[in-house]
file target.cif (mmCIF, C-alpha atoms and all ligand atoms)
data_structure
#
loop_
_atom_site.group_PDB
_atom_site.id
_atom_site.type_symbol
_atom_site.label_atom_id
_atom_site.label_comp_id
_atom_site.auth_asym_id
_atom_site.auth_seq_id
_atom_site.Cartn_x
_atom_site.Cartn_y
_atom_site.Cartn_z
ATOM 1 C CA MET L 146 -13.300 -7.881 16.372
ATOM 2 C CA SER L 147 -11.526 -4.675 17.236
ATOM 3 C CA THR L 148 -7.793 -4.230 16.697
ATOM 4 C CA ILE L 149 -5.322 -4.051 19.534
ATOM 5 C CA PHE L 150 -5.023 -0.332 18.833
ATOM 6 C CA SER L 151 -8.784 0.151 19.152
ATOM 7 C CA GLN L 152 -8.512 -1.577 22.512
ATOM 8 C CA ILE L 153 -5.894 1.024 23.488
ATOM 9 C CA VAL L 154 -8.216 3.824 22.332
ATOM 10 C CA GLU L 155 -11.028 2.327 24.416
ATOM 11 C CA GLY L 156 -8.760 1.984 27.453
ATOM 12 C CA GLU L 157 -9.214 -1.779 27.485
ATOM 13 C CA ILE L 158 -5.481 -2.462 27.419
ATOM 14 C CA PRO L 159 -2.719 -0.257 28.800
ATOM 15 C CA ALA L 160 -0.488 1.941 26.694
ATOM 16 C CA ARG L 161 1.878 4.820 27.282
ATOM 17 C CA ILE L 162 -0.305 7.459 25.676
ATOM 18 C CA VAL L 163 1.654 10.653 25.049
ATOM 19 C CA TYR L 164 -0.955 12.691 23.148
ATOM 20 C CA GLU L 165 -4.656 12.459 22.460
ATOM 21 C CA ASP L 166 -7.252 14.634 20.761
ATOM 22 C CA GLU L 167 -10.725 14.105 19.358
ATOM 23 C CA THR L 168 -9.682 11.931 16.423
ATOM 24 C CA THR L 169 -6.091 10.773 16.997
ATOM 25 C CA VAL L 170 -3.860 9.215 19.637
ATOM 26 C CA ALA L 171 -0.080 8.869 19.982
ATOM 27 C CA PHE L 172 1.508 6.254 22.230
ATOM 28 C CA LEU L 173 4.853 4.558 22.698
ATOM 29 C CA ASP L 174 5.507 1.434 20.665
ATOM 30 C CA ALA L 175 5.592 -1.590 22.971
ATOM 31 C CA ASN L 176 8.615 -3.064 21.142
ATOM 32 C CA PRO L 177 10.551 0.082 20.330
ATOM 33 C CA LEU L 178 13.137 0.257 17.556
ATOM 34 C CA ALA L 179 14.666 3.174 19.447
ATOM 35 C CA PRO L 180 13.933 5.076 22.659
ATOM 36 C CA GLY L 181 10.902 7.273 21.988
ATOM 37 C CA HIS L 182 9.531 5.122 19.126
ATOM 38 C CA THR L 183 5.997 6.479 18.913
ATOM 39 C CA LEU L 184 2.917 5.401 16.989
ATOM 40 C CA VAL L 185 0.265 7.852 15.814
ATOM 41 C CA ILE L 186 -3.141 6.432 14.931
ATOM 42 C CA PRO L 187 -6.630 7.600 14.021
ATOM 43 C CA LYS L 188 -9.023 6.666 16.831
ATOM 44 C CA ASP L 189 -11.409 5.130 14.344
ATOM 45 C CA GLU L 190 -10.314 1.866 12.839
ATOM 46 C CA TYR L 191 -9.138 1.991 9.214
ATOM 47 C CA GLU L 192 -6.940 -0.788 7.926
ATOM 48 C CA ARG L 193 -4.946 1.178 5.383
ATOM 49 C CA LEU L 194 -4.180 4.793 4.568
ATOM 50 C CA ASN L 195 -6.268 4.259 1.443
ATOM 51 C CA ASP L 196 -9.332 3.824 3.670
ATOM 52 C CA VAL L 197 -8.869 6.987 5.752
ATOM 53 C CA PRO L 198 -11.325 9.814 4.993
ATOM 54 C CA ASP L 199 -9.791 13.154 3.984
ATOM 55 C CA ASP L 200 -10.648 14.984 7.202
ATOM 56 C CA ILE L 201 -9.172 12.254 9.393
ATOM 57 C CA ALA L 202 -6.073 12.088 7.180
ATOM 58 C CA THR L 203 -5.619 15.811 7.793
ATOM 59 C CA ASP L 204 -5.951 15.289 11.547
ATOM 60 C CA LEU L 205 -3.559 12.341 11.450
ATOM 61 C CA TYR L 206 -0.882 14.297 9.662
ATOM 62 C CA ALA L 207 -1.373 17.240 12.012
ATOM 63 C CA THR L 208 -0.646 14.952 14.963
ATOM 64 C CA VAL L 209 2.407 13.452 13.238
ATOM 65 C CA HIS L 210 3.634 16.955 12.489
ATOM 66 C CA ARG L 211 3.085 17.955 16.090
ATOM 67 C CA MET L 212 4.747 14.890 17.574
ATOM 68 C CA VAL L 213 7.922 14.635 15.465
ATOM 69 C CA PRO L 214 9.808 17.567 17.030
ATOM 70 C CA VAL L 215 8.470 16.754 20.483
ATOM 71 C CA VAL L 216 9.676 13.144 20.303
ATOM 72 C CA GLU L 217 13.059 14.210 18.920
ATOM 73 C CA ASP L 218 13.491 16.701 21.752
ATOM 74 C CA ALA L 219 12.377 14.231 24.411
ATOM 75 C CA VAL L 220 15.026 11.644 23.561
ATOM 76 C CA ASP L 221 17.608 14.063 22.163
ATOM 77 C CA ALA L 222 17.478 12.394 18.757
ATOM 78 C CA ASP L 223 19.449 13.657 15.774
ATOM 79 C CA ALA L 224 16.657 12.807 13.331
ATOM 80 C CA THR L 225 13.581 10.640 12.850
ATOM 81 C CA THR L 226 12.386 8.096 10.335
ATOM 82 C CA VAL L 227 8.648 8.623 9.852
ATOM 83 C CA ALA L 228 6.796 5.891 7.998
ATOM 84 C CA PHE L 229 3.667 3.814 7.509
ATOM 85 C CA ASN L 230 3.710 0.126 6.691
ATOM 86 C CA ASN L 231 0.656 0.425 4.454
ATOM 87 C CA GLY L 232 -0.658 -3.086 3.834
ATOM 88 C CA GLU L 233 0.401 -6.568 4.803
ATOM 89 C CA GLU L 234 2.847 -6.973 1.905
ATOM 90 C CA ALA L 235 4.591 -3.824 3.111
ATOM 91 C CA GLY L 236 5.067 -5.315 6.560
ATOM 92 C CA GLN L 237 1.921 -4.028 8.280
ATOM 93 C CA GLU L 238 1.053 -6.369 11.129
ATOM 94 C CA VAL L 239 -1.628 -4.435 12.976
ATOM 95 C CA PRO L 240 -4.566 -3.754 10.621
ATOM 96 C CA HIS L 241 -5.220 -0.292 12.013
ATOM 97 C CA VAL L 242 -3.434 2.614 10.311
ATOM 98 C CA HIS L 243 -0.433 3.781 12.305
ATOM 99 C CA CYS L 244 2.471 6.065 11.638
ATOM 100 C CA HIS L 245 5.818 5.085 13.112
ATOM 101 C CA ILE L 246 7.971 7.923 14.436
ATOM 102 C CA VAL L 247 11.357 6.302 15.007
ATOM 103 C CA PRO L 248 14.047 8.471 16.600
ATOM 104 C CA ARG L 249 17.394 8.187 14.865
ATOM 105 C CA PHE L 250 20.854 8.791 16.226
ATOM 106 C CA GLU L 251 24.158 9.296 14.506
ATOM 107 C CA GLY L 252 25.827 5.907 14.148
ATOM 108 C CA ASP L 253 22.723 3.966 15.242
ATOM 109 C CA GLY L 254 23.379 1.317 12.600
ATOM 110 C CA GLY L 255 20.002 1.795 10.922
ATOM 111 C CA GLY L 256 19.422 2.528 7.256
ATOM 112 C CA PRO L 257 17.431 4.984 5.186
ATOM 113 C CA ILE L 258 13.849 4.353 4.048
ATOM 114 C CA HIS L 259 15.354 3.136 0.739
ATOM 115 C CA ALA L 260 16.463 -0.008 2.553
ATOM 116 C CA VAL L 261 12.873 -1.281 2.884
ATOM 117 C CA ALA L 262 12.418 -2.328 -0.749
ATOM 118 C CA GLY L 263 13.857 -5.354 -2.509
ATOM 119 C CA ASP L 264 15.900 -5.206 -5.703
ATOM 120 C CA ARG L 265 15.557 -1.905 -7.511
ATOM 121 C CA PRO L 266 13.895 -2.198 -10.927
ATOM 122 C CA SER L 267 15.677 -0.915 -13.995
ATOM 123 C CA LEU L 268 13.116 1.301 -15.699
ATOM 124 C CA ALA L 269 13.616 2.978 -19.077
ATOM 125 C CA ASP L 270 12.632 6.626 -19.563
ATOM 126 C CA ASP L 271 9.504 5.713 -21.563
ATOM 127 C CA GLU L 272 8.379 3.334 -18.805
ATOM 128 C CA LEU L 273 8.873 6.067 -16.209
ATOM 129 C CA ASP L 274 6.913 8.472 -18.439
ATOM 130 C CA ASP L 275 4.045 5.948 -18.722
ATOM 131 C CA ILE L 276 3.946 5.392 -14.968
ATOM 132 C CA ALA L 277 3.994 9.128 -14.261
ATOM 133 C CA ASP L 278 1.180 9.696 -16.807
ATOM 134 C CA ASP L 279 -0.875 6.872 -15.333
ATOM 135 C CA ILE L 280 -0.528 8.161 -11.780
ATOM 136 C CA GLU L 281 -1.224 11.762 -12.813
ATOM 137 C CA SER L 282 -4.386 10.728 -14.679
ATOM 138 C CA ARG L 283 -5.778 9.003 -11.570
ATOM 139 C CA VAL L 284 -5.294 11.823 -9.054
HETATM 140 P P1 LIG O 301 3.424 -2.703 11.936
HETATM 141 O O1 LIG O 301 4.361 -3.811 11.622
HETATM 142 O O2 LIG O 301 3.680 -1.471 11.097
HETATM 143 O O3 LIG O 301 1.994 -3.146 11.874
HETATM 144 O O4 LIG O 301 3.767 -2.252 13.400
HETATM 145 C C1 LIG O 301 3.005 -2.597 14.506
HETATM 146 C C2 LIG O 301 3.711 -2.010 15.688
HETATM 147 O O5 LIG O 301 2.830 -2.051 16.784
HETATM 148 C C3 LIG O 301 4.977 -2.758 16.100
HETATM 149 O O6 LIG O 301 6.077 -1.863 16.094
HETATM 150 C C4 LIG O 301 4.644 -3.269 17.508
HETATM 151 O O7 LIG O 301 5.760 -3.232 18.363
HETATM 152 C C5 LIG O 301 3.569 -2.311 17.942
HETATM 153 N N1 LIG O 301 2.624 -2.824 18.927
HETATM 154 C C6 LIG O 301 1.954 -3.998 18.878
HETATM 155 N N2 LIG O 301 1.144 -4.124 19.939
HETATM 156 C C7 LIG O 301 1.306 -2.988 20.678
HETATM 157 C C8 LIG O 301 0.758 -2.508 21.910
HETATM 158 N N3 LIG O 301 -0.150 -3.217 22.597
HETATM 159 N N4 LIG O 301 1.156 -1.304 22.376
HETATM 160 C C9 LIG O 301 2.055 -0.577 21.688
HETATM 161 N N5 LIG O 301 2.610 -0.975 20.521
HETATM 162 C C10 LIG O 301 2.259 -2.165 20.025
#

call {"tool": "encode", "arguments": {"input": "target.cif", "output": "structure tokens"}}
result
Amino acid sequence: MSTIFSQIVEGEIPARIVYEDETTVAFLDANPLAPGHTLVIPKDEYERLNDVPDDIATDLYATVHRMVPVVEDAVDADATTVAFNNGEEAGQEVPHVHCHIVPRFEGDGGGPIHAVAGDRPSLADDELDDIADDIESRV
């Protein structure tokens, strides 16, 4: 069964599409966190960023990069929070990769991206070294 976002791509359900190219689409979030809250998706259905092929990831970022200043200008925002909920445990509800562009305004009462995690771990230097080595060896 296709995701709700695939149905938007196919024109089966309405959306306020603000940009579209061969591989990506941007449209307004239906339950916006702020005026101008925009979602950018690949047209093809991938559940997580981890599943997105390199060329589509490049296209996706290009559209995010294009849309951020445009959205800020359109709603006269001071800044934007730009983020992916990548996986269910991270809060992803729609299993079709999407980037949130959330306009931010001075005094809007929101928090930084650091607010999304739970308690911060206390990691010793050698643990940080091990994690860095492990990540580096997998790239
Ligand atoms: P996430 O929790 O990262 O999966 O976010 C899903 C987002 O999709 C939420 O912000 C919803 O408000 C938004 N959303 C769900 N259905 C639609 C829709 N039909 N059109 C536009 N945005 C939607």

call {"tool": "atom_distance", "arguments": {"input": "target.cif", "atom1": "atom CA of L:Val227", "atom2": "atom CA of L:Asp264"}}
result
22.0 Å

call {"tool": "axis_aligned_box", "arguments": {"input": "target.cif", "around": "ligand LIG 301 (chain O)", "padding_each_side": "6 Å", "output": "lines of an AutoDock Vina configuration file"}}
result
center_x = 3.0
center_y = -2.4
center_z = 16.8
size_x = 18.2
size_y = 15.5
size_z = 23.5

call {"tool": "residues_around", "arguments": {"input": "target.cif", "residues": "L:Asp189", "least_positions_apart": "6", "cutoff": "12 Å", "atoms": "all atoms listed in the file", "output": "PyMOL selection string"}}
result
chain L and resi 147-148+150-155+167-170+196-198+201-202+204-205+240-243

call {"tool": "residues_near_ligand", "arguments": {"input": "target.cif", "ligand": "ligand LIG 301 (chain O)", "cutoff": "6 Å", "atoms": "all atoms listed in the file", "output": "short mmCIF file (atom, residue, chain, number, x, y, z; two decimals) with C-alpha atoms, keeping the file's coordinate frame"}}
result
data_model
loop_
_atom_site.label_atom_id
_atom_site.label_comp_id
_atom_site.auth_asym_id
_atom_site.auth_seq_id
_atom_site.Cartn_x
_atom_site.Cartn_y
_atom_site.Cartn_z
CA ALA L 160 -0.49 1.94 26.69
CA LEU L 173 4.85 4.56 22.70
CA ASP L 174 5.51 1.43 20.66
CA ALA L 175 5.59 -1.59 22.97
CA ASN L 176 8.62 -3.06 21.14
CA ASN L 230 3.71 0.13 6.69
CA GLY L 236 5.07 -5.32 6.56
CA GLN L 237 1.92 -4.03 8.28
CA GLU L 238 1.05 -6.37 11.13
CA VAL L 239 -1.63 -4.43 12.98
#

call {"tool": "closest_residue", "arguments": {"input": "target.cif", "among": "L:Ile246, L:Leu268, L:Ile276, L:Asp223", "to": "L:Phe172", "atoms": "all atoms listed in the file"}}
result
L:Ile246

call {"tool": "residues_around", "arguments": {"input": "target.cif", "residues": "stretch 249-259 of chain L", "least_positions_apart": "2", "cutoff": "10 Å", "atoms": "all atoms listed in the file", "output": "PyMOL selection string"}}
result
chain L and resi 178-182+217+220-228+246-247+261-263+265

call {"tool": "closest_residue", "arguments": {"input": "target.cif", "among": "L:Ile149, L:Ile158, L:Ala235, L:Val215", "to": "L:Thr183", "atoms": "only C-alpha atoms"}}
result
L:Val215

call {"tool": "atom_distance", "arguments": {"input": "target.cif", "atom1": "atom CA of L:Thr208", "atom2": "atom CA of L:Leu194"}}
result
15.0 Å

call {"tool": "closest_residue", "arguments": {"input": "target.cif", "among": "L:Pro159, L:Pro248, L:Pro177, L:Gly232", "to": "L:Asn195", "atoms": "all atoms listed in the file"}}
result
L:Gly232

call {"tool": "atom_distance", "arguments": {"input": "target.cif", "atom1": "atom CA of L:Met212", "atom2": "atom CA of L:Ala171"}}
result
8.1 Å

call {"tool": "closest_residue", "arguments": {"input": "target.cif", "among": "L:His245, L:Asn231, L:Pro214, L:Arg161", "to": "L:Ile186", "atoms": "only C-alpha atoms"}}
result
L:His245
